[in-house]
Amino acid sequence: MTEIDVLDLTGCPVELTAALVDIPSESFHEKRIADAVEHALRQLDAPITVERIRDNVIARTDRGLPERVVLAGHLDTVPAADNIPSQRITDADGNPTIFGLGSVDMKGGDAVYLHAFATLAAASELTRDITLVMYEAEEVASRYNGLNYLAQNRPEVLQGDVALLGEPSAGVIEAGCQGTIRVKVTASGTRAHSARAWLGDNAVHRLSPVIARVAAYEPRDVDVDGLIYKEGLQITKIEAGVATNTVPDHAWMFVNFRYAPDRSVDEATAHLEDVLSLNDAQLTIEYDDISPAAVPGLSRPAAAELVEACGGVANPKYGWTDVARFSELGIPAVNFGPGDPSLCHKPEEQCPEYMIRDVSETLRRYLSKEN
């Protein structure tokens with residue numbers, strides 16, 4: 001029998017962060033950390049239920065409280081870059097810091113959420129029921145994502161009045177998220193020697209009017225629930241040609257549209273196609289990725305009280321996160337976790353200890369706030 005790693009969920013969230021970092025959990029290899037989390041939750045002396053679905057661990061309090069908060073965090077990391085196990089260092093500003101893979105993305109957030117659940121599950125001051133979801137495979141394609149699997153197959157376990165995702169947000173609420181659509185636009189032509197170009201049909205030249213339209217595009221700034229979301233349309237990759245003296249007969253480019261949460265997927269798709277205006281029969285479009293945006297939902301009481309607990313400050317989320325999966329279920333969701341998101345996936349990934357403590361204290365204050 002494989003020995004299970006021991007986690008102290010009720011102790012210091014900083015120490016718990018280090019312990020989680022020390023358990024390797026690259027995507028598709030989450031069993032060891034899921035075993036440790038499940039075992040630790042089942043050892044709690046509290047009236048809770050714990051369920052294991054693949055390498056997703058779900059725990060719930062059911063005390064009949066007036067609201068339910070979902071705390072969600074992914075257990076997987078990107079591949080290591082000589083940054084495991086964890087180390088305790090002092091950062092450039094003199095702050096004690098945990099250095100190591102996942103300390104930012106997002107084992108710091110996992111530790112804070114696990115600690116909040118473990119210490120409040122049986123506490124008399126708890127005023128909101130909690131669902132804790134620790135899930136697999138966020139750092140890879142969406143079809144493997146554990147939260148996506150639960151949303152598609154067990155949506156009832158994700159229900160709540162508001163959801164918090166422990167993605168790094170530097171301890172500030174980042175609400176909602178942009179949607180994203182990525183398409184591949186391909187142009188076909190006829191190959192020829194460049195010395196006899198009239199015998200060919202340049203595929204790059206066929207793409208050029210589309211490139212010009214994307215380059216001239218003026219994105220919107222959109223106010224949603226008092227937060228300003230910036231849209232963007234960019235060509236992110238382009239390729240053509242087989243030789244420097246040959247008219248290319250094939251050219252393609254990826255175009256990425258990041259859209260605000262006031263657009264549905266259908267509206268965003270229609271807008272993108274309108275901008276691209278692919279009226280040339282030699283141009284084709286292939287959808288590579290479509291992910292919906294998430295509205296912040298800060299007008300909902302449970303979300304508004306979270307903003308209040310965080311000092312009344314909330315920012316829009318630029319980029320896409322799993323909060324969109326909750327939004328599709330009709331649940332307002334925010335990103336709230338320790339760590340600088342610009343350090344995600346970097347070899348020097350590190351999280352200041354004070355930020356883990358601050359997020360932990362804010363979360364505890366929110367979950368135990370008297371109504």
# chains A, B, ... in the order shown; residues from 1 in each chain; ligands from 1
$ residues_around --residues "range 150-157 of chain A" --least-positions-apart "6" --cutoff "8 Å" --atoms "only C-alpha atoms" --output "ChimeraX atom specification"
/A:58,131,325,329
$ residues_around --residues "Gly319 in chain A" --least-positions-apart "2" --cutoff "12 Å" --atoms "only C-alpha atoms" --output "number ranges by chain"
A: 167, 174-181, 229-232, 256-261, 291-294, 316-317, 321-324, 335, 341
$ write_last_selection --atoms "N, CA, C and O atoms" --output "CSV table (one decimal), in the first residue's frame"
chain,number,residue,atom,x,y,z
A,167,GLU,N,-7.5,31.1,-7.9
A,167,GLU,CA,-6.4,31.6,-8.8
A,167,GLU,C,-5.7,32.8,-8.2
A,167,GLU,O,-6.3,33.6,-7.5
A,174,GLU,N,-10.7,39.5,-8.3
A,174,GLU,CA,-10.8,39.7,-9.8
A,174,GLU,C,-12.1,39.0,-10.2
A,174,GLU,O,-12.2,37.8,-10.1
A,175,ALA,N,-13.1,39.8,-10.6
A,175,ALA,CA,-14.5,39.3,-10.8
A,175,ALA,C,-14.7,39.0,-12.3
A,175,ALA,O,-14.2,39.7,-13.2
A,176,GLY,N,-15.5,37.9,-12.5
A,176,GLY,CA,-15.8,37.5,-13.8
A,176,GLY,C,-14.6,37.2,-14.6
A,176,GLY,O,-13.5,36.9,-14.1
A,177,CYS,N,-14.7,37.1,-16.0
A,177,CYS,CA,-13.5,37.0,-16.8
A,177,CYS,C,-13.9,37.2,-18.3
A,177,CYS,O,-15.1,37.2,-18.6
A,178,GLN,N,-12.9,37.5,-19.1
A,178,GLN,CA,-13.2,37.6,-20.5
A,178,GLN,C,-13.5,36.3,-21.1
A,178,GLN,O,-13.0,35.2,-20.6
A,179,GLY,N,-14.2,36.3,-22.2
A,179,GLY,CA,-14.3,35.1,-23.0
A,179,GLY,C,-13.2,35.1,-24.1
A,179,GLY,O,-12.6,36.1,-24.3
A,180,THR,N,-13.0,34.0,-24.7
A,180,THR,CA,-12.0,33.9,-25.7
A,180,THR,C,-12.4,33.0,-26.9
A,180,THR,O,-13.0,32.0,-26.6
A,181,ILE,N,-12.1,33.5,-28.1
A,181,ILE,CA,-12.4,32.7,-29.3
A,181,ILE,C,-11.1,32.7,-30.1
A,181,ILE,O,-10.5,33.8,-30.3
A,229,TYR,N,-14.0,46.1,-18.6
A,229,TYR,CA,-13.4,45.0,-19.3
A,229,TYR,C,-12.9,45.5,-20.6
A,229,TYR,O,-13.7,46.1,-21.4
A,230,LYS,N,-11.6,45.2,-20.9
A,230,LYS,CA,-11.0,45.6,-22.2
A,230,LYS,C,-11.1,44.5,-23.2
A,230,LYS,O,-10.6,43.4,-22.8
A,231,GLU,N,-11.6,44.7,-24.3
A,231,GLU,CA,-11.6,43.6,-25.4
A,231,GLU,C,-10.3,43.7,-26.2
A,231,GLU,O,-9.6,44.7,-26.2
A,232,GLY,N,-10.0,42.7,-27.0
A,232,GLY,CA,-8.9,42.7,-27.8
A,232,GLY,C,-9.0,41.7,-28.9
A,232,GLY,O,-9.6,40.6,-28.8
A,256,ASN,N,-7.1,35.7,-32.3
A,256,ASN,CA,-7.6,35.5,-30.9
A,256,ASN,C,-8.5,36.7,-30.5
A,256,ASN,O,-8.0,37.9,-30.5
A,257,PHE,N,-9.7,36.5,-30.2
A,257,PHE,CA,-10.7,37.5,-29.8
A,257,PHE,C,-11.0,37.3,-28.3
A,257,PHE,O,-11.5,36.3,-27.9
A,258,ARG,N,-10.6,38.3,-27.5
A,258,ARG,CA,-10.9,38.3,-26.1
A,258,ARG,C,-12.0,39.3,-25.9
A,258,ARG,O,-11.9,40.5,-26.2
A,259,TYR,N,-13.2,38.8,-25.4
A,259,TYR,CA,-14.4,39.6,-25.4
A,259,TYR,C,-14.9,39.8,-24.0
A,259,TYR,O,-14.7,39.0,-23.1
A,260,ALA,N,-15.7,40.9,-23.9
A,260,ALA,CA,-16.2,41.2,-22.5
A,260,ALA,C,-17.4,40.4,-22.2
A,260,ALA,O,-18.1,39.8,-23.1
A,261,PRO,N,-17.8,40.3,-20.9
A,261,PRO,CA,-18.8,39.4,-20.5
A,261,PRO,C,-20.2,39.9,-20.8
A,261,PRO,O,-21.2,39.2,-20.5
A,291,SER,N,-14.4,29.7,-25.5
A,291,SER,CA,-14.7,29.7,-24.1
A,291,SER,C,-15.6,30.9,-23.8
A,291,SER,O,-15.3,32.0,-24.2
A,292,PRO,N,-16.7,30.7,-23.0
A,292,PRO,CA,-17.6,31.8,-22.7
A,292,PRO,C,-16.9,32.8,-21.7
A,292,PRO,O,-16.1,32.4,-20.9
A,293,ALA,N,-17.4,34.0,-21.7
A,293,ALA,CA,-17.1,34.9,-20.6
A,293,ALA,C,-17.9,34.7,-19.4
A,293,ALA,O,-18.9,33.9,-19.4
A,294,ALA,N,-17.5,35.3,-18.3
A,294,ALA,CA,-18.2,35.1,-17.0
A,294,ALA,C,-18.6,36.5,-16.5
A,294,ALA,O,-17.7,37.4,-16.3
A,316,PRO,N,-11.6,43.8,-12.6
A,316,PRO,CA,-12.0,42.9,-13.7
A,316,PRO,C,-10.9,41.9,-13.9
A,316,PRO,O,-9.7,42.2,-13.7
A,317,LYS,N,-11.3,40.7,-14.3
A,317,LYS,CA,-10.3,39.7,-14.7
A,317,LYS,C,-10.0,39.7,-16.2
A,317,LYS,O,-10.9,39.5,-17.0
A,321,THR,N,-10.6,32.2,-16.9
A,321,THR,CA,-10.4,31.2,-15.9
A,321,THR,C,-11.7,30.4,-15.7
A,321,THR,O,-12.7,30.6,-16.4
A,322,ASP,N,-11.6,29.4,-14.8
A,322,ASP,CA,-12.7,28.5,-14.6
A,322,ASP,C,-13.9,29.1,-14.0
A,322,ASP,O,-14.9,28.5,-13.8
A,323,VAL,N,-13.8,30.4,-13.6
A,323,VAL,CA,-15.0,31.1,-13.1
A,323,VAL,C,-16.1,31.0,-14.1
A,323,VAL,O,-17.3,31.0,-13.8
A,324,ALA,N,-15.8,30.9,-15.4
A,324,ALA,CA,-16.8,30.9,-16.5
A,324,ALA,C,-17.6,29.6,-16.4
A,324,ALA,O,-18.8,29.7,-16.8
A,335,ASN,N,-12.3,35.4,-8.9
A,335,ASN,CA,-11.0,34.9,-8.6
A,335,ASN,C,-10.5,35.6,-7.3
A,335,ASN,O,-10.5,36.8,-7.2
A,341,PRO,N,0.0,36.9,-10.2
A,341,PRO,CA,-0.3,36.1,-11.4
A,341,PRO,C,0.8,36.2,-12.4
A,341,PRO,O,0.9,35.3,-13.3
$ residues_around --residues "Gly109 in chain A" --least-positions-apart "6" --cutoff "8 Å" --atoms "only C-alpha atoms" --output "list in words"
Gly73, Gly166, Glu167, Pro168, Phe336, Gly337, Pro338 and Ile356 of chain A
$ atom_distance --atom1 "CA of Glu139 in chain A" --atom2 "CA of Met253 in chain A"
24.3 Å
$ select_by_dssp --residues "range 79-302 of chain A" --states "strand (DSSP E or B)" --output "MDAnalysis selection string"
chainID A and resid 87:90 96:99 129:135 162:165 173:175 177 179:188 190 192:193 201 221:224 227:230 232:240 246:247 250:259 283:291 294
$ residues_around --residues "Glu138 in chain A" --least-positions-apart "4" --cutoff "9 Å" --atoms "only C-alpha atoms" --output "list in words"
Ser27, His74, Leu75, Asp76, Thr77, Ser142, Tyr144, Asn145, Gly146, Leu147 and Asp322 of chain A
$ write_last_selection --atoms "C-alpha atoms" --output "mmCIF file, in the first residue's frame"
data_model
loop_
_atom_site.group_PDB
_atom_site.id
_atom_site.type_symbol
_atom_site.label_atom_id
_atom_site.label_comp_id
_atom_site.auth_asym_id
_atom_site.auth_seq_id
_atom_site.Cartn_x
_atom_site.Cartn_y
_atom_site.Cartn_z
ATOM 1 C CA SER A 27 -1.304 17.488 -14.761
ATOM 2 C CA HIS A 74 -7.085 23.005 -8.977
ATOM 3 C CA LEU A 75 -4.522 20.545 -7.654
ATOM 4 C CA ASP A 76 -2.336 20.220 -10.744
ATOM 5 C CA THR A 77 0.694 22.220 -11.840
ATOM 6 C CA SER A 142 -10.424 21.822 -21.341
ATOM 7 C CA TYR A 144 -9.513 16.978 -19.255
ATOM 8 C CA ASN A 145 -10.470 19.690 -16.747
ATOM 9 C CA GLY A 146 -11.921 18.262 -13.535
ATOM 10 C CA LEU A 147 -14.229 21.218 -12.923
ATOM 11 C CA ASP A 322 -12.687 28.488 -14.628
#
$ residues_around --residues "range 83-97 of chain A" --least-positions-apart "3" --cutoff "6 Å" --atoms "only C-alpha atoms" --output "PDB file with N, CA and C atoms, in the first residue's frame"
ATOM      1  N   ALA A  18       3.407  25.163   1.786  1.00  0.00           N
ATOM      2  CA  ALA A  18       4.692  24.492   1.552  1.00  0.00           C
ATOM      3  C   ALA A  18       4.506  22.981   1.426  1.00  0.00           C
ATOM      4  N   VAL A  21       3.079  22.204  -1.996  1.00  0.00           N
ATOM      5  CA  VAL A  21       4.103  22.376  -3.027  1.00  0.00           C
ATOM      6  C   VAL A  21       5.025  21.168  -3.063  1.00  0.00           C
ATOM      7  N   ASP A  22       5.299  20.591  -1.903  1.00  0.00           N
ATOM      8  CA  ASP A  22       6.231  19.468  -1.814  1.00  0.00           C
ATOM      9  C   ASP A  22       5.667  18.160  -2.376  1.00  0.00           C
ATOM     10  N   GLY A 100       8.599  27.947  -4.969  1.00  0.00           N
ATOM     11  CA  GLY A 100       8.404  26.588  -5.446  1.00  0.00           C
ATOM     12  C   GLY A 100       7.241  26.472  -6.405  1.00  0.00           C
ATOM     13  N   LEU A 101       7.238  25.379  -7.161  1.00  0.00           N
ATOM     14  CA  LEU A 101       6.230  25.111  -8.170  1.00  0.00           C
ATOM     15  C   LEU A 101       4.837  25.053  -7.550  1.00  0.00           C
ATOM     16  N   CYS A 351       5.568  32.973  -3.558  1.00  0.00           N
ATOM     17  CA  CYS A 351       4.431  33.679  -2.971  1.00  0.00           C
ATOM     18  C   CYS A 351       4.812  34.193  -1.584  1.00  0.00           C
ATOM     19  N   PRO A 352       4.638  35.501  -1.338  1.00  0.00           N
ATOM     20  CA  PRO A 352       4.946  36.039  -0.010  1.00  0.00           C
ATOM     21  C   PRO A 352       4.040  35.432   1.057  1.00  0.00           C
ATOM     22  N   GLU A 353       4.616  35.139   2.197  1.00  0.00           N
ATOM     23  CA  GLU A 353       3.843  34.529   3.281  1.00  0.00           C
ATOM     24  C   GLU A 353       2.732  35.450   3.772  1.00  0.00           C
TER      25      GLU A 353
END
$ closest_residue --among "A:Gly189, A:Gly64, A:Pro209, A:Pro332" --to "Pro248 in chain A" --atoms "only C-alpha atoms"
A:Gly189
$ residues_around --residues "Tyr287 in chain A" --least-positions-apart "2" --cutoff "7 Å" --atoms "only C-alpha atoms" --output "ChimeraX atom specification"
/A:182-184,285,289
